[in-house]
file my_file_15.txt (compact mmCIF, C-alpha atoms)
# COMPACT_ATOMS: atom_id res chain seq x y z
CA MET J 1 0.00 0.00 0.00
CA ASN J 2 1.42 3.38 -1.05
CA VAL J 3 0.66 5.65 1.92
CA ARG J 4 1.88 8.79 0.20
CA ALA J 5 -0.29 8.15 -2.87
CA GLY J 6 -3.33 7.52 -0.63
CA VAL J 7 -2.84 10.71 1.38
CA THR J 8 -2.23 12.72 -1.79
CA ALA J 9 -5.38 11.28 -3.39
CA SER J 10 -7.37 12.22 -0.27
CA ALA J 11 -6.20 15.84 -0.48
CA ARG J 12 -6.90 15.90 -4.21
CA GLY J 13 -10.39 14.54 -3.60
CA LEU J 14 -11.07 17.40 -1.21
CA GLY J 15 -9.84 19.87 -3.83
CA LEU J 16 -12.04 18.34 -6.53
CA ALA J 17 -15.05 18.46 -4.22
CA LEU J 18 -14.49 22.16 -3.57
CA MET J 19 -14.05 22.88 -7.27
CA SER J 20 -17.25 20.97 -8.03
CA MET J 21 -19.31 23.03 -5.63
CA VAL J 22 -17.68 26.39 -6.30
CA PHE J 23 -16.69 26.60 -9.96
CA SER J 24 -19.06 24.12 -11.64
CA LEU J 25 -22.14 25.19 -9.70
CA VAL J 26 -21.48 28.93 -10.04
CA LEU J 27 -20.63 28.67 -13.74
CA PHE J 28 -23.74 26.58 -14.37
CA CYS J 29 -25.92 29.30 -12.81
CA PHE J 30 -24.22 32.04 -14.82
CA SER J 31 -24.47 29.99 -18.04
CA VAL J 32 -28.19 29.29 -17.64
CA VAL J 33 -29.00 32.93 -16.87
CA SER J 34 -26.84 34.19 -19.73
CA ILE J 35 -28.37 31.79 -22.28
CA ALA J 36 -31.86 32.74 -21.09
CA LEU J 37 -31.02 36.42 -21.61
CA VAL J 38 -30.18 35.78 -25.28
CA ILE J 39 -33.89 36.23 -25.98
CA VAL J 40 -33.76 39.87 -24.84
CA GLY J 41 -30.37 40.52 -26.44
CA ILE J 42 -28.20 40.84 -23.32
CA GLY J 43 -27.10 37.21 -23.53
CA VAL J 44 -25.61 37.81 -26.98
CA PHE J 45 -22.87 39.80 -25.27
CA THR J 46 -22.53 37.76 -22.06
CA THR J 47 -22.84 34.17 -23.32
CA PRO J 48 -19.49 34.00 -25.17
CA TRP J 49 -17.71 35.42 -22.11
CA VAL J 50 -19.42 33.02 -19.69
CA THR J 51 -18.81 30.11 -22.06
CA SER J 52 -15.11 30.97 -22.24
CA ALA J 53 -14.90 30.83 -18.45
CA ALA J 54 -16.82 27.52 -18.43
CA ARG J 55 -14.47 26.06 -21.05
CA ALA J 56 -11.40 27.19 -19.12
CA ASN J 57 -12.79 25.43 -16.05
CA ALA J 58 -13.60 22.31 -18.09
CA ASN J 59 -10.10 22.27 -19.59
CA ALA J 60 -8.62 22.51 -16.11
CA ARG J 61 -10.72 19.54 -15.04
CA ARG J 62 -9.64 17.58 -18.12
CA ARG J 63 -6.04 18.22 -17.16
CA LEU J 64 -6.64 17.15 -13.55
CA ALA J 65 -8.47 14.02 -14.72
CA GLU J 66 -5.32 13.01 -16.58
CA GLU J 67 -2.80 14.08 -13.92
CA TRP J 68 -4.73 12.85 -10.87
CA GLY J 69 -6.97 10.11 -12.25
CA GLY J 70 -4.93 8.80 -15.17
CA VAL J 71 -7.79 9.44 -17.63
CA ARG J 72 -6.91 11.41 -20.76
CA ILE J 73 -9.73 13.60 -22.11
CA PRO J 74 -9.21 15.32 -25.50
CA VAL J 75 -10.43 18.89 -25.85
CA PRO J 76 -13.55 18.76 -28.09
CA TYR J 77 -14.06 22.44 -28.96
CA ARG J 78 -14.13 23.47 -32.58
CA PRO J 79 -11.54 25.98 -33.81
CA GLU J 80 -12.78 29.53 -33.44
CA PRO J 81 -13.04 31.38 -36.78
CA GLN J 82 -12.34 35.04 -37.42
CA TRP J 83 -15.28 37.30 -36.57
CA GLN J 84 -16.47 40.54 -38.07
CA GLY J 85 -16.24 43.66 -35.97
CA GLY J 86 -19.04 45.26 -34.03
CA ILE J 87 -22.42 43.83 -33.09
CA VAL J 88 -22.52 41.51 -36.12
CA GLY J 89 -19.35 39.78 -34.93
CA ARG J 90 -20.73 39.39 -31.40
CA VAL J 91 -23.93 37.81 -32.75
CA GLN J 92 -21.90 35.44 -34.94
CA ARG J 93 -19.74 34.42 -32.01
CA CYS J 94 -22.77 33.78 -29.80
CA GLN J 95 -24.35 31.65 -32.52
CA TRP J 96 -21.11 29.70 -32.97
CA VAL J 97 -20.91 29.01 -29.22
CA LEU J 98 -24.52 27.85 -28.97
CA LYS J 99 -24.25 25.60 -32.05
CA ASP J 100 -21.20 23.77 -30.70
CA PRO J 101 -22.39 20.47 -29.10
CA ALA J 102 -19.47 20.69 -26.64
CA THR J 103 -21.11 23.76 -25.07
CA TRP J 104 -24.17 21.73 -24.10
CA ARG J 105 -22.09 18.79 -22.93
CA ASP J 106 -20.19 21.18 -20.65
CA LEU J 107 -23.52 22.49 -19.35
CA LEU J 108 -24.74 18.95 -18.62
CA TRP J 109 -21.46 18.18 -16.86
CA MET J 110 -21.85 21.27 -14.68
CA ILE J 111 -25.09 19.73 -13.43
CA VAL J 112 -23.59 16.30 -12.74
CA ASP J 113 -20.29 17.51 -11.29
CA PRO J 114 -21.71 19.22 -8.15
CA ILE J 115 -23.77 16.08 -7.44
CA ALA J 116 -22.10 12.81 -8.50
CA GLY J 117 -18.66 14.38 -8.92
CA PHE J 118 -18.84 16.00 -5.51
CA VAL J 119 -19.93 12.76 -3.81
CA LEU J 120 -17.12 10.72 -5.39
CA ALA J 121 -14.42 13.30 -4.67
CA MET J 122 -15.65 13.94 -1.15
CA PHE J 123 -15.79 10.20 -0.43
CA ALA J 124 -12.06 9.95 -1.17
CA ALA J 125 -11.34 12.77 1.29
CA ALA J 126 -13.88 11.62 3.90
CA LEU J 127 -12.45 8.12 4.29
CA VAL J 128 -9.19 9.47 5.69
CA LEU J 129 -10.64 12.52 7.47
CA TYR J 130 -13.39 10.51 9.16
CA GLY J 131 -10.81 7.93 10.18
CA VAL J 132 -8.68 10.62 11.80
CA TRP J 133 -11.78 11.88 13.60
CA GLY J 134 -12.08 8.48 15.30
CA PHE J 135 -8.64 8.97 16.88
CA VAL J 136 -9.58 12.51 17.90
CA LEU J 137 -12.60 11.12 19.74
CA ALA J 138 -10.45 8.55 21.53
CA ALA J 139 -8.05 11.30 22.61
CA GLY J 140 -10.77 12.73 24.88
CA VAL J 141 -13.09 14.71 22.64
CA TRP J 142 -15.79 12.10 23.33
CA ARG J 143 -16.29 13.41 26.87
CA PRO J 144 -18.21 16.65 26.09
CA MET J 145 -20.19 14.78 23.40
CA ARG J 146 -21.43 11.80 25.43
CA ASP J 147 -24.47 13.67 26.73
CA VAL J 148 -25.79 14.26 23.20
CA GLY J 149 -25.65 10.57 22.28
CA TYR J 150 -22.95 10.86 19.57
CA TRP J 151 -22.47 7.92 17.20
CA TYR J 152 -19.28 7.24 15.27
CA ALA J 153 -20.58 5.31 12.28
CA PHE J 154 -22.46 2.46 14.01
CA ILE J 155 -20.67 2.85 17.39
CA PRO J 156 -22.38 4.88 20.18
CA VAL J 157 -19.49 6.79 21.79
CA ASP J 158 -20.31 7.31 25.49
CA ASP J 159 -17.18 6.11 27.35
CA GLN J 160 -13.47 5.55 26.82
CA LEU J 161 -13.94 1.95 25.68
CA THR J 162 -16.34 2.89 22.89
CA ALA J 163 -14.06 5.80 21.99
CA VAL J 164 -11.17 3.31 21.55
CA ALA J 165 -13.50 1.18 19.42
CA ALA J 166 -14.18 4.30 17.32
CA ALA J 167 -10.43 4.80 16.91
CA ALA J 168 -10.09 1.16 15.77
CA LEU J 169 -12.85 1.66 13.23
CA GLY J 170 -11.18 4.92 12.20
CA ALA J 171 -7.99 2.98 11.52
CA VAL J 172 -9.98 0.74 9.16
CA PHE J 173 -11.39 3.79 7.37
CA ILE J 174 -7.89 5.27 7.00
CA ALA J 175 -6.51 1.98 5.64
CA LEU J 176 -9.37 1.75 3.13
CA GLY J 177 -8.81 5.34 2.09
CA LEU J 178 -5.06 4.92 1.62
CA ARG J 179 -5.64 1.79 -0.43
CA TYR J 180 -8.57 2.82 -2.61
CA ASN J 181 -8.44 6.63 -2.87
CA PRO J 182 -6.33 6.58 -6.08
CA ASP J 183 -8.90 4.20 -7.59
CA ILE J 184 -11.73 6.51 -6.53
CA LEU J 185 -10.01 9.42 -8.31
CA HIS J 186 -9.69 7.22 -11.39
CA VAL J 187 -13.45 6.56 -11.28
CA HIS J 188 -13.96 10.33 -10.89
CA GLY J 189 -11.82 10.83 -13.99
CA ARG J 190 -13.92 8.28 -15.88
CA LEU J 191 -17.08 10.15 -14.86
CA THR J 192 -15.56 13.39 -16.13
CA HIS J 193 -14.61 11.65 -19.37
CA VAL J 194 -18.22 10.61 -20.01
CA PHE J 195 -19.35 14.24 -20.19
CA LEU J 196 -16.28 16.23 -21.24
CA ALA J 197 -14.85 13.95 -23.94
CA PRO J 198 -15.75 14.62 -27.60
CA ASP J 199 -18.86 12.92 -28.95
CA HIS J 200 -18.48 10.40 -31.77
CA GLU J 201 -18.98 12.92 -34.57
CA ARG J 202 -16.50 15.40 -33.13
CA GLU J 203 -14.04 12.60 -32.42
CA LEU J 204 -14.10 11.61 -36.10
CA GLN J 205 -13.63 15.24 -37.12
CA MET J 206 -10.66 15.61 -34.77
CA ARG J 207 -9.15 12.41 -36.12
CA ILE J 208 -9.44 13.68 -39.68
CA GLU J 209 -7.85 17.00 -38.69
CA HIS J 210 -5.07 15.14 -36.88
CA LEU J 211 -4.40 12.93 -39.89
CA LYS J 212 -4.24 15.99 -42.18
CA GLU J 213 -1.72 17.64 -39.88
CA SER J 214 0.22 14.39 -39.54
CA ARG J 215 0.38 13.99 -43.30
CA ALA J 216 1.69 17.53 -43.72
CA ASP J 217 4.22 16.99 -40.92
CA ALA J 218 5.31 13.68 -42.46
CA VAL J 219 5.96 15.42 -45.78
CA ASP J 220 7.96 18.13 -44.01
CA VAL J 221 9.96 15.58 -42.01
CA SER J 222 10.70 13.54 -45.15
CA ALA J 223 11.82 16.64 -47.03
CA ALA J 224 14.05 17.72 -44.13
CA GLU J 225 15.54 14.23 -43.90
CA LEU J 226 16.21 14.22 -47.65
CA ARG J 227 17.94 17.61 -47.43
CA ARG J 228 20.07 16.32 -44.53
CA ILE J 229 21.14 13.27 -46.50
CA GLU J 230 21.93 15.39 -49.57
CA ARG J 231 23.94 17.81 -47.43
CA ASP J 232 25.87 15.03 -45.68
CA LEU J 233 26.64 13.37 -49.02
CA HIS J 234 27.70 16.65 -50.62
CA ASP J 235 29.88 17.81 -47.73
CA GLY J 236 31.31 14.40 -46.86
CA ALA J 237 31.52 11.33 -49.06
CA GLN J 238 30.89 13.15 -52.35
CA ALA J 239 33.71 15.62 -51.72
CA ARG J 240 36.08 12.77 -50.86
CA LEU J 241 35.10 10.82 -53.98
CA VAL J 242 35.71 13.89 -56.17
CA ALA J 243 39.12 14.37 -54.55
CA MET J 244 39.88 10.68 -55.12
CA GLY J 245 39.05 11.06 -58.84
CA MET J 246 41.40 14.03 -59.14
CA SER J 247 44.13 12.12 -57.28
CA LEU J 248 43.75 9.12 -59.59
CA GLY J 249 44.13 11.44 -62.59
CA THR J 250 47.35 12.82 -61.13
CA ILE J 251 48.62 9.31 -60.40
CA GLU J 252 48.12 8.35 -64.08
CA HIS J 253 50.57 11.12 -65.08
CA LEU J 254 53.05 10.37 -62.30
CA VAL J 255 53.16 6.59 -62.58
CA ARG J 256 55.78 6.80 -65.41
CA THR J 257 57.62 9.99 -64.46
CA ASP J 258 57.70 9.79 -60.64
CA PRO J 259 56.69 6.33 -59.34
CA ASP J 260 57.54 7.20 -55.72
CA LYS J 261 55.24 10.21 -55.75
CA ALA J 262 52.55 8.14 -57.47
CA ALA J 263 52.79 5.48 -54.75
CA GLN J 264 52.49 8.14 -52.04
CA LEU J 265 49.37 9.61 -53.68
CA LEU J 266 47.96 6.11 -54.12
CA ALA J 267 48.32 5.47 -50.37
CA GLU J 268 46.58 8.76 -49.58
CA THR J 269 43.80 7.90 -52.03
CA ARG J 270 43.32 4.50 -50.40
CA LYS J 271 43.03 6.24 -47.00
CA SER J 272 40.48 8.70 -48.43
CA SER J 273 38.46 5.81 -49.87
CA ALA J 274 38.34 4.16 -46.43
CA GLU J 275 37.21 7.43 -44.83
CA ALA J 276 34.53 7.91 -47.52
CA LEU J 277 33.30 4.36 -46.92
CA ASP J 278 33.14 5.01 -43.17
CA GLU J 279 31.15 8.21 -43.75
CA LEU J 280 28.71 6.34 -45.99
CA ARG J 281 28.27 3.70 -43.31
CA GLN J 282 27.58 6.39 -40.70
CA LEU J 283 25.06 8.00 -43.04
CA VAL J 284 23.28 4.67 -43.57
CA ARG J 285 23.18 4.09 -39.82
CA GLY J 286 21.49 7.47 -39.46
CA ILE J 287 18.82 6.39 -41.95
CA HIS J 288 18.22 2.91 -40.53
CA PRO J 289 20.65 1.51 -37.96
CA PRO J 290 21.86 -2.05 -38.79
CA VAL J 291 21.10 -3.30 -35.27
CA LEU J 292 17.49 -2.18 -35.74
CA ALA J 293 17.17 -4.04 -39.04
CA GLU J 294 18.92 -7.18 -37.80
CA ARG J 295 17.85 -7.50 -34.14
CA GLY J 296 14.69 -5.44 -33.81
CA LEU J 297 13.55 -2.54 -31.65
CA ALA J 298 14.24 -4.09 -28.22
CA ASP J 299 17.91 -4.80 -28.88
CA ALA J 300 18.37 -1.52 -30.75
CA VAL J 301 17.11 0.44 -27.71
CA ARG J 302 19.37 -1.62 -25.43
CA ALA J 303 22.29 -0.66 -27.68
CA LEU J 304 21.26 3.00 -27.38
CA ALA J 305 21.24 2.66 -23.59
CA LEU J 306 24.73 1.12 -23.55
CA ARG J 307 26.16 3.92 -25.71
CA GLY J 308 24.64 6.69 -23.58
CA THR J 309 26.53 8.75 -21.02
CA ILE J 310 23.80 8.33 -18.35
CA LYS J 311 23.13 5.04 -16.58
CA THR J 312 20.05 3.63 -18.28
CA GLU J 313 17.91 0.63 -17.41
CA VAL J 314 15.76 -0.97 -20.10
CA GLY J 315 12.72 -3.13 -19.32
CA VAL J 316 11.10 -4.99 -22.23
CA GLU J 317 7.85 -6.96 -22.22
CA HIS J 318 6.23 -8.72 -25.20
CA ILE J 319 8.14 -6.82 -27.87
CA GLY J 320 8.38 -8.65 -31.21
CA ARG J 321 9.24 -7.50 -34.71
CA MET J 322 7.02 -4.77 -36.10
CA ALA J 323 6.81 -2.94 -39.41
CA ALA J 324 10.15 -1.33 -40.22
CA PRO J 325 8.79 2.26 -40.40
CA VAL J 326 7.16 1.87 -36.97
CA GLU J 327 10.35 0.46 -35.45
CA ALA J 328 12.37 3.30 -36.97
CA ALA J 329 9.94 5.94 -35.65
CA ALA J 330 10.05 4.44 -32.15
CA TYR J 331 13.83 4.02 -32.22
CA PHE J 332 14.63 7.57 -33.29
CA SER J 333 12.04 8.94 -30.85
CA VAL J 334 13.75 7.15 -27.95
CA SER J 335 17.13 8.27 -29.26
CA GLU J 336 15.97 11.91 -29.31
CA MET J 337 14.57 11.56 -25.77
CA LEU J 338 17.88 10.22 -24.45
CA THR J 339 19.71 13.05 -26.23
CA ASN J 340 17.39 15.61 -24.59
CA VAL J 341 17.97 14.03 -21.18
CA ALA J 342 21.74 14.17 -21.64
CA LYS J 343 21.65 17.81 -22.80
CA HIS J 344 19.05 19.40 -20.56
CA ALA J 345 17.82 17.23 -17.68
CA GLU J 346 20.95 17.03 -15.49
CA ALA J 347 19.83 13.49 -14.67
CA GLU J 348 21.81 10.66 -13.13
CA ARG J 349 19.60 7.74 -14.17
CA VAL J 350 17.11 6.90 -16.88
CA TRP J 351 14.54 4.11 -16.98
CA ILE J 352 13.01 2.85 -20.25
CA ASP J 353 9.97 0.58 -20.17
CA MET J 354 8.77 -0.98 -23.44
CA ARG J 355 5.73 -3.17 -23.95
CA HIS J 356 3.24 -4.16 -26.62
CA GLU J 357 -0.35 -4.83 -25.59
CA GLU J 358 -3.78 -4.52 -27.15
CA GLY J 359 -2.34 -3.48 -30.50
CA MET J 360 -0.38 -0.59 -28.99
CA LEU J 361 3.36 -0.11 -28.55
CA ARG J 362 4.00 1.85 -25.35
CA ILE J 363 7.44 3.19 -24.46
CA THR J 364 7.96 5.15 -21.24
CA VAL J 365 11.19 7.06 -20.63
CA THR J 366 11.67 8.37 -17.07
CA ASP J 367 14.60 10.35 -15.72
CA ASP J 368 15.46 11.77 -12.31
CA GLY J 369 16.51 15.17 -13.67
CA LYS J 370 15.36 18.70 -12.95
CA GLY J 371 12.14 18.52 -15.01
CA GLY J 372 10.53 21.41 -16.86
CA ALA J 373 10.41 19.71 -20.28
CA ASP J 374 7.75 21.23 -22.53
CA PRO J 375 7.10 20.15 -26.16
CA SER J 376 5.56 23.56 -26.95
CA ARG J 377 8.89 25.34 -26.42
CA GLY J 378 10.35 24.01 -29.65
CA THR J 379 12.64 21.37 -28.16
CA GLY J 380 13.33 17.97 -29.70
CA LEU J 381 10.06 16.79 -28.17
CA ALA J 382 8.13 18.73 -30.81
CA GLY J 383 10.04 16.85 -33.50
CA ILE J 384 9.14 13.57 -31.83
CA GLU J 385 5.46 14.53 -31.88
CA ARG J 386 5.68 15.23 -35.62
CA ARG J 387 7.48 11.94 -36.26
CA LEU J 388 4.90 9.95 -34.29
CA GLY J 389 1.98 11.86 -35.80
CA ALA J 390 2.69 10.27 -39.19
CA PHE J 391 1.77 6.91 -37.62
CA ASP J 392 -1.19 8.21 -35.59
CA GLY J 393 0.99 7.98 -32.50
CA VAL J 394 1.07 10.32 -29.52
CA LEU J 395 3.60 11.65 -27.03
CA ALA J 396 2.58 12.50 -23.45
CA VAL J 397 5.02 14.38 -21.23
CA ASN J 398 4.73 14.90 -17.47
CA SER J 399 7.63 17.04 -16.30
CA PRO J 400 7.03 19.20 -13.21
CA LEU J 401 9.78 21.59 -12.16
CA GLY J 402 12.17 19.68 -9.95
CA GLY J 403 11.42 16.43 -11.75
CA PRO J 404 11.09 13.64 -12.40
CA THR J 405 10.22 13.68 -16.10
CA THR J 406 8.12 10.92 -17.65
CA ALA J 407 7.61 10.82 -21.42
CA THR J 408 5.32 8.15 -22.87
CA ILE J 409 5.11 7.14 -26.52
CA GLU J 410 2.06 5.29 -27.83
CA LEU J 411 2.09 3.87 -31.35
CA PRO J 412 -0.70 1.71 -32.80
CA CYS J 413 0.94 -1.29 -34.49
CA ASP J 414 0.86 -5.06 -34.84
CA VAL J 415 3.57 -7.59 -34.05
CA LEU J 416 4.63 -9.21 -37.33
CA SER J 417 6.69 -12.09 -35.93
CA ALA J 418 6.72 -14.28 -32.86
CA ASP J 419 10.29 -13.29 -32.05
CA VAL J 420 9.20 -11.74 -28.73
CA HIS J 421 11.72 -10.18 -26.34
CA SER J 422 11.12 -9.89 -22.61
CA SER J 423 13.41 -8.82 -19.82
call {"tool": "encode", "arguments": {"input": "my_file_15.txt", "output": "structure tokens"}}
result
Amino acid sequence: MNVRAGVTASARGLGLALMSMVFSLVLFCFSVVSIALVIVGIGVFTTPWVTSAARANANARRRLAEEWGGVRIPVPYRPEPQWQGGIVGRVQRCQWVLKDPATWRDLLWMIVDPIAGFVLAMFAAALVLYGVWGFVLAAGVWRPMRDVGYWYAFIPVDDQLTAVAAAALGAVFIALGLRYNPDILHVHGRLTHVFLAPDHERELQMRIEHLKESRADAVDVSAAELRRIERDLHDGAQARLVAMGMSLGTIEHLVRTDPDKAAQLLAETRKSSAEALDELRQLVRGIHPPVLAERGLADAVRALALRGTIKTEVGVEHIGRMAAPVEAAAYFSVSEMLTNVAKHAEAERVWIDMRHEEGMLRITVTDDGKGGADPSRGTGLAGIERRLGAFDGVLAVNSPLGGPTTATIELPCDVLSADVHSS
């Protein structure tokens, strides 16, 4: 039993209960009044503002559902178009808000949240708090309360013996809370998901939009990769091959007039050919590492871990051979993550967990560094998101200041062979 996780979940439950009663209930009242006032014209101006506040609150709850309950909830709102100026623009914006199904789902959630959401969240907090109250009674607080016939749960507390029994029952409540409070928050997150997740139609629209963006990103990534290969060939192997051709032309003239000089140039040319071959091999490894093609993703990631400067542990479960593009995307994503850790995290250890289950490849990279990683700041994480997007994959990053940082890759894929690695 994780005591710290149970206590943290209890405090979070209390926070969610307060947010349910304060923000959701207040915003529901404002939303209903504002929508009702649309008939007389006032709501045209107030409804977009109230809806923005309601959506900000809903987005905060989506984030908490993922961080506290482990339930990811996509944001369903449609992109806001450009509006005309003046009253016409305000009317258009109000119409757009009211026609968005997500607005009404938020409104329905603001009814459910102060009732069912409050009860669930408060139950997580009450298990521990009520358990502590049992010990408070046993410490002597029962004395001024015995004349009023106080009951602790099903125990009538009227003397020290029954107060001790209340403390024993309180210990049971605390143990139950510490054990099951994280699960209760997960159930709370699932309840939030029912109302705040996109409906089926919007989910399909978002998927289409995501695939369009992924396709555009894939084209950009491919073009950038092609330019890199062309640049590396031009600046490296191609330049050496051109120099070798010129040297061979000089050797043809010197072989009869100055054999010693010709032999010296021939030795230099042979050295240049070996260097050009090594550069070509390095370039090929950058396109598709041999260990990845020969041994698969699991061994390729283990090789990455061995070459790194930070102590890295790799755990593998049910990883077989997958399609080569998927393996390459996963491999280079992990490689970029390890590079980011080495450059920015100031970490001492890294843990990589890889598994394939339910048609999904999941790779989690955790480090004990300083945290603060953010894909939106243009780091290598943004490039990983673009790479994964071409395969309908996602990257989730949890990196609070002070650490630790956990980055999770999810790629939909199938295992093509039974050559399964586990360790």
call {"tool": "atom_distance", "arguments": {"input": "my_file_15.txt", "atom1": "CA of Trp151 (chain J)", "atom2": "CA of Thr8 (chain J)"}}
result
28.2 Å
call {"tool": "atom_distance", "arguments": {"input": "my_file_15.txt", "atom1": "CA of Ile111 (chain J)", "atom2": "CA of Arg63 (chain J)"}}
result
19.5 Å
call {"tool": "residues_around", "arguments": {"input": "my_file_15.txt", "residues": "region 348-353 of chain J", "least_positions_apart": "2", "cutoff": "9 Å", "atoms": "only C-alpha atoms", "output": "PDB file with C-alpha atoms, keeping the file's coordinate frame"}}
result
ATOM      1  CA  VAL J 301      17.110   0.440 -27.710  1.00  0.00           C
ATOM      2  CA  ALA J 305      21.240   2.660 -23.590  1.00  0.00           C
ATOM      3  CA  ILE J 310      23.800   8.330 -18.350  1.00  0.00           C
ATOM      4  CA  LYS J 311      23.130   5.040 -16.580  1.00  0.00           C
ATOM      5  CA  THR J 312      20.050   3.630 -18.280  1.00  0.00           C
ATOM      6  CA  GLU J 313      17.910   0.630 -17.410  1.00  0.00           C
ATOM      7  CA  VAL J 314      15.760  -0.970 -20.100  1.00  0.00           C
ATOM      8  CA  GLY J 315      12.720  -3.130 -19.320  1.00  0.00           C
ATOM      9  CA  VAL J 316      11.100  -4.990 -22.230  1.00  0.00           C
ATOM     10  CA  GLU J 317       7.850  -6.960 -22.220  1.00  0.00           C
ATOM     11  CA  VAL J 334      13.750   7.150 -27.950  1.00  0.00           C
ATOM     12  CA  LEU J 338      17.880  10.220 -24.450  1.00  0.00           C
ATOM     13  CA  VAL J 341      17.970  14.030 -21.180  1.00  0.00           C
ATOM     14  CA  ALA J 345      17.820  17.230 -17.680  1.00  0.00           C
ATOM     15  CA  GLU J 346      20.950  17.030 -15.490  1.00  0.00           C
ATOM     16  CA  ARG J 355       5.730  -3.170 -23.950  1.00  0.00           C
ATOM     17  CA  ARG J 362       4.000   1.850 -25.350  1.00  0.00           C
ATOM     18  CA  ILE J 363       7.440   3.190 -24.460  1.00  0.00           C
ATOM     19  CA  THR J 364       7.960   5.150 -21.240  1.00  0.00           C
ATOM     20  CA  VAL J 365      11.190   7.060 -20.630  1.00  0.00           C
ATOM     21  CA  THR J 366      11.670   8.370 -17.070  1.00  0.00           C
ATOM     22  CA  ASP J 367      14.600  10.350 -15.720  1.00  0.00           C
ATOM     23  CA  ASP J 368      15.460  11.770 -12.310  1.00  0.00           C
ATOM     24  CA  GLY J 369      16.510  15.170 -13.670  1.00  0.00           C
TER      25      GLY J 369
END
call {"tool": "residues_near_point", "arguments": {"input": "my_file_15.txt", "point": "(8.4, 3.2, -35.2)", "cutoff": "10 Å", "atoms": "all atoms listed in the file", "output": "short mmCIF file (atom, residue, chain, number, x, y, z; two decimals) with C-alpha atoms, in the coordinates of the input"}}
result
data_model
loop_
_atom_site.label_atom_id
_atom_site.label_comp_id
_atom_site.auth_asym_id
_atom_site.auth_seq_id
_atom_site.Cartn_x
_atom_site.Cartn_y
_atom_site.Cartn_z
CA LEU J 297 13.55 -2.54 -31.65
CA MET J 322 7.02 -4.77 -36.10
CA ALA J 323 6.81 -2.94 -39.41
CA ALA J 324 10.15 -1.33 -40.22
CA PRO J 325 8.79 2.26 -40.40
CA VAL J 326 7.16 1.87 -36.97
CA GLU J 327 10.35 0.46 -35.45
CA ALA J 328 12.37 3.30 -36.97
CA ALA J 329 9.94 5.94 -35.65
CA ALA J 330 10.05 4.44 -32.15
CA TYR J 331 13.83 4.02 -32.22
CA PHE J 332 14.63 7.57 -33.29
CA SER J 333 12.04 8.94 -30.85
CA VAL J 334 13.75 7.15 -27.95
CA LEU J 361 3.36 -0.11 -28.55
CA ARG J 387 7.48 11.94 -36.26
CA LEU J 388 4.90 9.95 -34.29
CA ALA J 390 2.69 10.27 -39.19
CA PHE J 391 1.77 6.91 -37.62
CA GLY J 393 0.99 7.98 -32.50
CA GLU J 410 2.06 5.29 -27.83
CA LEU J 411 2.09 3.87 -31.35
CA PRO J 412 -0.70 1.71 -32.80
CA CYS J 413 0.94 -1.29 -34.49
#
call {"tool": "residues_around", "arguments": {"input": "my_file_15.txt", "residues": "Val22 (chain J)", "least_positions_apart": "5", "cutoff": "12 Å", "atoms": "all atoms listed in the file", "output": "number ranges by chain"}}
result
J: 15-17, 27-29, 57, 110, 113-114, 118
call {"tool": "write_last_selection", "arguments": {"input": "my_file_15.txt", "atoms": "C-alpha atoms", "output": "tab-separated table (two decimals), in the frame of the given file"}}
result
chain	number	residue	atom	x	y	z
J	15	GLY	CA	-9.84	19.87	-3.83
J	16	LEU	CA	-12.04	18.34	-6.53
J	17	ALA	CA	-15.05	18.46	-4.22
J	27	LEU	CA	-20.63	28.67	-13.74
J	28	PHE	CA	-23.74	26.58	-14.37
J	29	CYS	CA	-25.92	29.30	-12.81
J	57	ASN	CA	-12.79	25.43	-16.05
J	110	MET	CA	-21.85	21.27	-14.68
J	113	ASP	CA	-20.29	17.51	-11.29
J	114	PRO	CA	-21.71	19.22	-8.15
J	118	PHE	CA	-18.84	16.00	-5.51
call {"tool": "closest_residue", "arguments": {"input": "my_file_15.txt", "among": "J:Leu306, J:Val157, J:Val71, J:Val50", "to": "His188 (chain J)", "atoms": "all atoms listed in the file"}}
result
J:Val71
call {"tool": "atom_distance", "arguments": {"input": "my_file_15.txt", "atom1": "CA of Ala11 (chain J)", "atom2": "CA of Ser31 (chain J)"}}
result
29.0 Å
call {"tool": "closest_residue", "arguments": {"input": "my_file_15.txt", "among": "J:Val172, J:Ala396, J:Ala36, J:Ala373", "to": "Leu129 (chain J)", "atoms": "all atoms listed in the file"}}
result
J:Val172
call {"tool": "closest_residue", "arguments": {"input": "my_file_15.txt", "among": "J:Gln160, J:Ser10, J:Thr406, J:Asn398", "to": "Tyr180 (chain J)", "atoms": "only C-alpha atoms"}}
result
J:Ser10
call {"tool": "closest_residue", "arguments": {"input": "my_file_15.txt", "among": "J:Ala53, J:Ala9, J:Ala293, J:Ala267", "to": "His186 (chain J)", "atoms": "all atoms listed in the file"}}
result
J:Ala9
call {"tool": "closest_residue", "arguments": {"input": "my_file_15.txt", "among": "J:Ile87, J:Val164, J:Met19, J:Leu196", "to": "Asn59 (chain J)", "atoms": "only C-alpha atoms"}}
result
J:Leu196
call {"tool": "closest_residue", "arguments": {"input": "my_file_15.txt", "among": "J:Gln95, J:Leu265, J:Trp68, J:Ala116", "to": "Val38 (chain J)", "atoms": "all atoms listed in the file"}}
result
J:Gln95
call {"tool": "residues_around", "arguments": {"input": "my_file_15.txt", "residues": "region 174-177 of chain J", "least_positions_apart": "2", "cutoff": "10 Å", "atoms": "all atoms listed in the file", "output": "PyMOL selection string"}}
result
chain J and resi 1+3+6-7+9-10+123-132+134+168-172+179-184
call {"tool": "residues_around", "arguments": {"input": "my_file_15.txt", "residues": "Pro101 (chain J)", "least_positions_apart": "3", "cutoff": "10 Å", "atoms": "all atoms listed in the file", "output": "PyMOL selection string"}}
result
chain J and resi 76-78+97-98+104-106+198-199+201-202
